[in-house]
>>> print(open('run_7.txt').read())   # compact mmCIF, C-alpha atoms
# COMPACT_ATOMS: atom_id res chain seq x y z
CA MET A 1 4.35 217.87 -206.79
CA ASP A 2 2.66 217.05 -210.10
CA ILE A 3 -0.72 216.76 -208.41
CA PHE A 4 -0.63 220.41 -207.31
CA LYS A 5 0.38 221.51 -210.81
CA ASP A 6 -2.62 219.62 -212.16
CA LEU A 7 -4.90 221.43 -209.69
CA LEU A 8 -3.63 224.78 -210.95
CA ASN A 9 -4.47 223.78 -214.53
CA PHE A 10 -8.04 222.75 -213.59
CA ASN A 11 -10.52 223.78 -216.33
CA ILE A 12 -14.09 223.22 -217.51
CA LEU A 13 -13.22 219.95 -219.28
CA ASP A 14 -11.91 218.58 -215.98
CA VAL A 15 -15.22 219.49 -214.33
CA ILE A 16 -17.14 217.67 -217.08
CA ASP A 17 -14.79 214.69 -216.79
CA ILE A 18 -15.26 214.42 -213.01
CA THR A 19 -19.04 214.85 -213.33
CA LEU A 20 -19.33 212.07 -215.92
CA VAL A 21 -17.20 209.72 -213.79
CA ALA A 22 -19.39 210.50 -210.76
CA PHE A 23 -22.55 209.74 -212.77
CA LEU A 24 -21.04 206.51 -214.05
CA LEU A 25 -20.04 205.35 -210.56
CA TYR A 26 -23.50 206.24 -209.26
CA TYR A 27 -25.18 204.23 -211.99
CA VAL A 28 -22.89 201.24 -211.42
CA TYR A 29 -23.78 201.43 -207.71
CA LYS A 30 -27.51 201.41 -208.54
CA LEU A 31 -27.01 198.47 -210.90
CA ILE A 32 -25.30 196.24 -208.32
CA LYS A 33 -27.02 197.53 -205.16
CA GLY A 34 -28.51 194.64 -203.21
CA THR A 35 -26.23 192.03 -204.81
CA VAL A 36 -23.09 190.30 -203.56
CA ALA A 37 -21.12 192.35 -206.08
CA ILE A 38 -21.69 195.55 -204.07
CA ASN A 39 -19.12 194.45 -201.44
CA ILE A 40 -16.60 193.67 -204.18
CA PHE A 41 -17.27 197.08 -205.74
CA PHE A 42 -16.53 198.88 -202.45
CA GLY A 43 -13.39 196.77 -202.03
CA ILE A 44 -12.15 197.83 -205.48
CA VAL A 45 -12.87 201.51 -204.74
CA ILE A 46 -10.95 201.33 -201.43
CA PHE A 47 -8.05 199.51 -203.13
CA TYR A 48 -7.87 202.17 -205.87
CA LEU A 49 -7.94 205.05 -203.38
CA PHE A 50 -5.14 203.36 -201.42
CA TYR A 51 -3.14 203.01 -204.66
CA LEU A 52 -3.57 206.75 -205.37
CA LEU A 53 -2.42 207.61 -201.84
CA VAL A 54 0.68 205.43 -202.19
CA ASP A 55 1.44 207.03 -205.57
CA VAL A 56 1.11 210.57 -204.16
CA LEU A 57 3.39 209.69 -201.23
CA GLN A 58 5.92 208.32 -203.77
CA MET A 59 6.26 204.97 -202.02
CA ARG A 60 7.91 203.41 -205.07
CA MET A 61 8.08 199.74 -204.12
CA LEU A 62 4.51 199.51 -202.85
CA SER A 63 3.35 201.62 -205.78
CA LYS A 64 4.95 199.15 -208.24
CA ILE A 65 3.34 196.16 -206.53
CA LEU A 66 -0.10 197.75 -206.47
CA GLY A 67 0.42 199.03 -210.02
CA GLY A 68 0.99 195.45 -211.16
CA PHE A 69 -2.42 194.48 -209.79
CA MET A 70 -4.00 197.54 -211.40
CA SER A 71 -2.57 196.64 -214.83
CA VAL A 72 -4.49 193.35 -214.92
CA GLY A 73 -7.45 194.76 -213.03
CA ILE A 74 -9.66 195.14 -216.12
CA ILE A 75 -9.59 191.36 -216.72
CA ALA A 76 -10.49 190.71 -213.08
CA LEU A 77 -13.34 193.21 -213.31
CA ILE A 78 -14.79 191.47 -216.38
CA VAL A 79 -14.69 188.10 -214.60
CA VAL A 80 -16.11 189.33 -211.28
CA PHE A 81 -18.79 191.62 -212.70
CA GLN A 82 -19.75 189.47 -215.70
CA PRO A 83 -23.50 189.33 -214.82
CA GLU A 84 -23.67 193.09 -214.16
CA ILE A 85 -21.76 193.94 -217.35
CA ARG A 86 -24.10 191.68 -219.32
CA LYS A 87 -27.11 193.41 -217.76
CA PHE A 88 -25.67 196.86 -218.60
CA LEU A 89 -24.98 195.89 -222.24
CA LEU A 90 -28.41 194.29 -222.52
CA MET A 91 -29.97 197.54 -221.32
CA ILE A 92 -28.17 199.46 -224.07
CA GLY A 93 -28.88 196.86 -226.76
CA SER A 94 -32.58 196.57 -225.90
CA THR A 95 -33.18 200.31 -226.11
CA ASN A 96 -35.49 201.27 -228.96
CA LEU A 97 -33.56 204.01 -230.76
CA SER A 98 -36.51 204.73 -233.03
CA LYS A 99 -38.30 206.43 -230.15
CA GLY A 100 -37.00 209.93 -229.65
CA GLY A 101 -34.98 210.29 -226.50
CA SER A 102 -35.59 206.73 -225.33
CA PHE A 103 -31.87 205.96 -225.25
CA ILE A 104 -31.24 208.81 -222.85
CA LYS A 105 -34.20 207.77 -220.71
CA ARG A 106 -32.58 204.42 -219.99
CA PHE A 107 -29.80 206.22 -218.12
CA SER A 108 -31.78 207.20 -215.05
CA PHE A 109 -28.88 209.24 -213.63
CA LEU A 110 -29.31 211.83 -216.42
CA LYS A 111 -32.75 212.84 -215.22
CA ALA A 112 -35.17 212.55 -212.34
CA GLN A 113 -36.49 209.02 -212.70
CA ALA A 114 -40.22 208.78 -213.37
CA GLN A 115 -42.05 206.63 -210.85
CA ASN A 116 -43.39 203.34 -212.11
CA THR A 117 -47.17 203.48 -211.88
CA SER A 118 -47.82 199.72 -211.78
CA ASP A 119 -50.45 198.97 -209.11
CA ALA A 120 -48.74 196.64 -206.63
CA ASP A 121 -51.94 196.21 -204.62
CA VAL A 122 -53.93 194.88 -207.60
CA ILE A 123 -51.10 192.61 -208.82
CA VAL A 124 -50.49 191.06 -205.39
CA LYS A 125 -54.21 190.52 -204.71
CA ALA A 126 -54.55 188.74 -208.06
CA CYS A 127 -51.54 186.53 -207.22
CA THR A 128 -52.97 185.73 -203.78
CA LYS A 129 -56.33 184.79 -205.30
CA MET A 130 -54.64 182.59 -207.91
CA GLY A 131 -52.54 181.02 -205.16
CA SER A 132 -55.68 180.02 -203.25
CA THR A 133 -56.82 177.99 -206.28
CA LYS A 134 -53.27 176.83 -207.13
CA THR A 135 -53.37 178.57 -210.49
CA GLY A 136 -49.81 178.94 -211.79
CA ALA A 137 -48.72 182.43 -212.89
CA LEU A 138 -45.58 184.29 -213.91
CA ILE A 139 -45.71 188.10 -213.91
CA VAL A 140 -42.75 190.28 -214.92
CA ILE A 141 -42.82 193.99 -214.02
CA GLU A 142 -40.66 196.21 -216.22
CA ARG A 143 -38.54 198.89 -214.55
CA ASN A 144 -35.73 200.82 -216.30
CA ASN A 145 -34.58 198.14 -218.75
CA ASN A 146 -36.71 197.98 -221.88
CA LEU A 147 -38.21 194.49 -222.36
CA ASP A 148 -39.40 194.97 -225.94
CA PHE A 149 -36.97 192.26 -227.07
CA LEU A 150 -39.05 189.79 -225.02
CA VAL A 151 -42.42 191.09 -226.21
CA GLU A 152 -41.61 189.70 -229.65
CA THR A 153 -41.55 186.15 -228.23
CA GLY A 154 -45.20 186.38 -227.17
CA ASP A 155 -48.39 188.26 -228.01
CA GLU A 156 -48.22 192.04 -227.80
CA MET A 157 -51.03 193.56 -225.72
CA ASN A 158 -52.15 196.93 -224.40
CA ILE A 159 -54.50 196.14 -221.52
CA THR A 160 -54.90 198.10 -218.30
CA VAL A 161 -54.03 195.95 -215.28
CA THR A 162 -56.98 194.88 -213.13
CA GLN A 163 -57.41 191.90 -210.83
CA PRO A 164 -60.02 190.16 -213.06
CA ILE A 165 -57.80 190.66 -216.15
CA LEU A 166 -54.79 189.03 -214.49
CA GLU A 167 -56.86 186.14 -213.17
CA SER A 168 -58.50 185.57 -216.56
CA ILE A 169 -55.14 185.55 -218.38
CA PHE A 170 -53.77 182.76 -216.16
CA PHE A 171 -57.05 180.78 -215.97
CA LYS A 172 -56.13 177.20 -216.85
CA ASN A 173 -58.38 177.07 -219.91
CA SER A 174 -57.27 180.48 -221.21
CA PRO A 175 -55.23 180.43 -224.46
CA LEU A 176 -52.97 183.11 -222.91
CA HIS A 177 -51.99 181.32 -219.67
CA ASP A 178 -48.77 179.72 -220.97
CA GLY A 179 -45.56 181.65 -220.44
CA ALA A 180 -45.14 184.99 -218.69
CA ILE A 181 -46.84 188.35 -218.94
CA ILE A 182 -44.98 191.67 -218.94
CA ILE A 183 -46.45 194.65 -217.10
CA SER A 184 -45.20 198.17 -217.76
CA ASN A 185 -46.70 201.21 -216.00
CA ASN A 186 -49.89 199.34 -215.07
CA THR A 187 -50.40 198.01 -218.60
CA VAL A 188 -50.14 194.40 -219.71
CA LYS A 189 -47.54 194.81 -222.44
CA ALA A 190 -47.44 191.19 -223.62
CA THR A 191 -48.68 187.69 -222.80
CA ARG A 192 -47.32 184.20 -223.51
CA VAL A 193 -43.78 185.59 -223.31
CA ILE A 194 -40.84 183.16 -223.34
CA LEU A 195 -38.23 184.09 -220.72
CA PRO A 196 -34.56 183.05 -220.49
CA VAL A 197 -34.27 180.16 -218.02
CA ASN A 198 -31.58 179.89 -215.36
CA ASN A 199 -30.26 176.31 -215.24
CA GLU A 200 -27.33 176.98 -212.92
CA LYS A 201 -28.85 178.11 -209.65
CA LYS A 202 -29.96 175.36 -207.29
CA ILE A 203 -33.54 175.80 -206.17
CA PRO A 204 -35.80 173.40 -204.23
CA SER A 205 -37.16 170.57 -206.39
CA HIS A 206 -40.79 171.64 -205.92
CA PHE A 207 -40.03 174.92 -207.71
CA GLY A 208 -40.13 174.44 -211.45
CA LEU A 209 -39.66 176.21 -214.75
CA ARG A 210 -41.56 179.37 -213.76
CA HIS A 211 -39.17 180.06 -210.89
CA ARG A 212 -36.13 179.38 -213.06
CA ALA A 213 -37.49 181.74 -215.73
CA ALA A 214 -38.20 184.44 -213.13
CA ILE A 215 -34.65 184.10 -211.76
CA GLY A 216 -33.23 184.24 -215.30
CA ILE A 217 -34.99 187.47 -216.33
CA SER A 218 -34.21 189.19 -212.99
CA GLU A 219 -30.50 188.35 -213.43
CA LYS A 220 -30.30 189.59 -217.01
CA THR A 221 -32.38 192.77 -216.54
CA ASP A 222 -33.54 194.95 -213.64
CA ALA A 223 -37.11 193.61 -213.94
CA ILE A 224 -38.85 192.08 -210.93
CA ALA A 225 -41.09 189.01 -211.12
CA LEU A 226 -43.90 187.35 -209.21
CA VAL A 227 -44.45 183.61 -209.40
CA VAL A 228 -47.50 181.69 -208.21
CA SER A 229 -46.70 178.01 -207.71
CA GLU A 230 -49.12 175.50 -209.23
CA GLU A 231 -48.06 172.87 -206.70
CA THR A 232 -48.12 174.86 -203.44
CA GLY A 233 -50.04 178.05 -204.27
CA LEU A 234 -47.27 180.10 -202.65
CA VAL A 235 -46.33 183.50 -204.09
CA SER A 236 -42.62 184.14 -204.70
CA TYR A 237 -41.04 187.53 -205.30
CA VAL A 238 -37.93 187.50 -207.50
CA ASN A 239 -35.38 190.32 -207.82
CA ASN A 240 -31.68 190.24 -208.79
CA GLY A 241 -31.72 186.46 -209.17
CA LYS A 242 -33.04 185.85 -205.65
CA PHE A 243 -36.53 184.76 -204.71
CA VAL A 244 -38.40 185.15 -201.44
CA ILE A 245 -41.73 183.55 -200.56
CA TYR A 246 -44.14 186.06 -199.06
CA LYS A 247 -47.07 184.87 -196.97
CA ASP A 248 -47.98 188.35 -195.75
CA THR A 249 -49.75 190.25 -198.55
CA LEU A 250 -49.11 193.70 -197.07
CA ASP A 251 -45.36 193.05 -196.77
CA LEU A 252 -45.19 191.98 -200.41
CA ILE A 253 -47.16 195.02 -201.60
CA GLU A 254 -44.84 197.33 -199.69
CA LYS A 255 -41.74 195.56 -201.04
CA ILE A 256 -42.92 195.98 -204.65
CA ARG A 257 -43.80 199.63 -204.10
CA VAL A 258 -40.35 200.34 -202.69
CA ASP A 259 -38.58 198.56 -205.56
CA LEU A 260 -40.69 200.34 -208.19
CA SER A 261 -40.20 203.81 -206.68
>>> encode(input="run_7.txt", output="C-alpha cells")
Amino acid sequence: MDIFKDLLNFNILDVIDITLVAFLLYYVYKLIKGTVAINIFFGIVIFYLFYLLVDVLQMRMLSKILGGFMSVGIIALIVVFQPEIRKFLLMIGSTNLSKGGSFIKRFSFLKAQAQNTSDADVIVKACTKMGSTKTGALIVIERNNNLDFLVETGDEMNITVTQPILESIFFKNSPLHDGAIIISNNTVKATRVILPVNNEKKIPSHFGLRHRAAIGISEKTDAIALVVSEETGLVSYVNNGKFVIYKDTLDLIEKIRVDLS
C-alpha cells in the first residue's frame, strides 16, 4: 500500500512536519479548553481519524461520501470556531514586534510558559472590600495575549499592585475610577481603559455595562476579569465569556491562581 511506501521514505522534514502539527493541535486545544467548542474539536478529530481509516481500507463509496464533507470542512470550521479564530488572530495582531522575541513568547507551546506573578490574594481582598461598600470595579488580568492595544484607550501606568492602590483607583471620587484597569504580572498597566462590550449575551438585568465589558474582553482574548457590582456588591469572575459569582473568597483566590498558572 501507498501508506507503507510513505513510511519507508520517512525523513527529517516529515519529523519536523509532524512536530509542528502536534504543537499546533496542542495550542488549539489550550485555546478552546473549557469552552463548548472543545467537544466540537474532539468530534472533528474523531471524524478525521475515521476518514483516514476508511481511506486506508479502500472503502471507496464511504471514502467518497466522507471526502465530500472534508472538502467543505474548512468553511464549517470557520463558522463553528469563529470566536476562537478571532481570538487567535487578535493574539498575533496585538503582539508588539518591536520587542525582541515577543512574537515567539506569545506562542506558549514553543517554550516553558512563565508563571503569571499577579497576586490573587491581594486582588480578591481588594474586590471583597470594595464589594462591602458597593464600590463598582472592573479589573482585567493579562495572561498570554498582549493587551497593549487596549492600554492606548486609557492612561498608561506602572504601579505595583497593592490592596490600598486598587481601592484608591476605584474610589468614587477618584479621577481614575471610570473604565477598567489592566494588571500584568502584579503591575497596574493601565487605568480608565475602554473595553469591547458584548451586546449579544443575555445576562440578568441587574448586571450592567461592567459585566458586558468583562464578558467581551474574555471572549476576544484569554484575559480574565473581576467585576464588583455597584448595585449588589457581589464579585463576579469572568473567563471565556462566562461569569460566576463567588461568595467564598478562598475559592475565588484558588480559581484565579489555577487559571494564572
>>> closest_atom_pairs(input="run_7.txt", of="segment 115-175 of chain A", to="segment 236-258 of chain A", cutoff="9 Å", atoms="all atoms listed in the file", output="Markdown table")
| residue | atom | partner | partner_atom | distance |
| --- | --- | --- | --- | --- |
| A:Asn116 | CA | A:Arg257 | CA | 8.8 |
| A:Ser118 | CA | A:Arg257 | CA | 8.7 |
| A:Asp119 | CA | A:Arg257 | CA | 8.4 |
| A:Ala120 | CA | A:Ile253 | CA | 5.5 |
| A:Asp121 | CA | A:Ile253 | CA | 5.8 |
| A:Ile123 | CA | A:Ile253 | CA | 8.6 |
| A:Val124 | CA | A:Ile253 | CA | 6.4 |
| A:Lys125 | CA | A:Thr249 | CA | 7.6 |
| A:Thr128 | CA | A:Thr249 | CA | 7.6 |
>>> atom_distance(input="run_7.txt", atom1="atom CA of Ala137 of chain A", atom2="atom CA of Leu226 of chain A")
7.8 Å
>>> atom_distance(input="run_7.txt", atom1="atom CA of Asn186 of chain A", atom2="atom CA of Asn198 of chain A")
26.7 Å
>>> atom_distance(input="run_7.txt", atom1="atom CA of Arg212 of chain A", atom2="atom CA of Val197 of chain A")
5.4 Å
>>> residues_around(input="run_7.txt", residues="His177 of chain A", least_positions_apart="2", cutoff="12 Å", atoms="all atoms listed in the file", output="PyMOL selection string")
chain A and resi 135-139+154-155+165-175+179-181+190-194
>>> closest_residue(input="run_7.txt", among="A:Leu53, A:Leu234, A:Leu176, A:Thr160", to="Met130 of chain A", atoms="all atoms listed in the file")
A:Leu234
>>> closest_residue(input="run_7.txt", among="A:Val15, A:Ile75, A:Met59, A:Ile183", to="Glu142 of chain A", atoms="only C-alpha atoms")
A:Ile183
>>> closest_residue(input="run_7.txt", among="A:Ile12, A:Pro164, A:Ala225, A:Leu25", to="Asp259 of chain A", atoms="all atoms listed in the file")
A:Ala225
>>> decode(input="run_7.txt", residues="segment 205-251 of chain A", atoms="C-alpha atoms", output="PDB file, in the first residue's frame")
ATOM      1  CA  SER A 205     -30.863  42.892  34.179  1.00  0.00           C
ATOM      2  CA  HIS A 206     -29.126  43.899  37.417  1.00  0.00           C
ATOM      3  CA  PHE A 207     -25.748  43.283  35.765  1.00  0.00           C
ATOM      4  CA  GLY A 208     -24.724  46.265  33.689  1.00  0.00           C
ATOM      5  CA  LEU A 209     -22.023  47.584  31.407  1.00  0.00           C
ATOM      6  CA  ARG A 210     -19.093  46.371  33.533  1.00  0.00           C
ATOM      7  CA  HIS A 211     -20.218  42.753  33.225  1.00  0.00           C
ATOM      8  CA  ARG A 212     -20.805  43.090  29.493  1.00  0.00           C
ATOM      9  CA  ALA A 213     -17.341  44.619  29.064  1.00  0.00           C
ATOM     10  CA  ALA A 214     -15.754  41.839  31.141  1.00  0.00           C
ATOM     11  CA  ILE A 215     -17.520  39.197  29.027  1.00  0.00           C
ATOM     12  CA  GLY A 216     -16.436  40.972  25.832  1.00  0.00           C
ATOM     13  CA  ILE A 217     -12.709  41.102  26.678  1.00  0.00           C
ATOM     14  CA  SER A 218     -12.673  37.494  27.958  1.00  0.00           C
ATOM     15  CA  GLU A 219     -14.240  36.306  24.679  1.00  0.00           C
ATOM     16  CA  LYS A 220     -11.834  38.221  22.452  1.00  0.00           C
ATOM     17  CA  THR A 221      -8.641  37.458  24.426  1.00  0.00           C
ATOM     18  CA  ASP A 222      -7.509  34.938  27.041  1.00  0.00           C
ATOM     19  CA  ALA A 223      -7.618  37.595  29.789  1.00  0.00           C
ATOM     20  CA  ILE A 224      -9.655  37.022  32.944  1.00  0.00           C
ATOM     21  CA  ALA A 225     -11.697  39.723  34.665  1.00  0.00           C
ATOM     22  CA  LEU A 226     -13.137  40.547  38.062  1.00  0.00           C
ATOM     23  CA  VAL A 227     -16.225  42.711  38.401  1.00  0.00           C
ATOM     24  CA  VAL A 228     -17.561  44.298  41.576  1.00  0.00           C
ATOM     25  CA  SER A 229     -21.218  45.239  41.210  1.00  0.00           C
ATOM     26  CA  GLU A 230     -22.211  48.746  42.318  1.00  0.00           C
ATOM     27  CA  GLU A 231     -25.793  47.599  42.914  1.00  0.00           C
ATOM     28  CA  THR A 232     -25.257  44.337  44.835  1.00  0.00           C
ATOM     29  CA  GLY A 233     -21.602  44.436  45.929  1.00  0.00           C
ATOM     30  CA  LEU A 234     -21.146  40.890  44.593  1.00  0.00           C
ATOM     31  CA  VAL A 235     -17.841  39.879  42.997  1.00  0.00           C
ATOM     32  CA  SER A 236     -18.042  38.132  39.610  1.00  0.00           C
ATOM     33  CA  TYR A 237     -15.238  36.176  37.973  1.00  0.00           C
ATOM     34  CA  VAL A 238     -15.256  36.202  34.161  1.00  0.00           C
ATOM     35  CA  ASN A 239     -13.329  33.823  31.895  1.00  0.00           C
ATOM     36  CA  ASN A 240     -14.024  32.676  28.305  1.00  0.00           C
ATOM     37  CA  GLY A 241     -17.204  34.731  28.129  1.00  0.00           C
ATOM     38  CA  LYS A 242     -18.739  33.138  31.234  1.00  0.00           C
ATOM     39  CA  PHE A 243     -19.121  34.742  34.624  1.00  0.00           C
ATOM     40  CA  VAL A 244     -19.519  33.150  38.039  1.00  0.00           C
ATOM     41  CA  ILE A 245     -20.379  34.961  41.267  1.00  0.00           C
ATOM     42  CA  TYR A 246     -18.081  33.926  44.100  1.00  0.00           C
ATOM     43  CA  LYS A 247     -19.142  34.468  47.702  1.00  0.00           C
ATOM     44  CA  ASP A 248     -16.280  32.426  49.146  1.00  0.00           C
ATOM     45  CA  THR A 249     -13.065  34.468  48.984  1.00  0.00           C
ATOM     46  CA  LEU A 250     -10.743  31.465  49.308  1.00  0.00           C
ATOM     47  CA  ASP A 251     -12.439  29.632  46.417  1.00  0.00           C
TER      48      ASP A 251
END
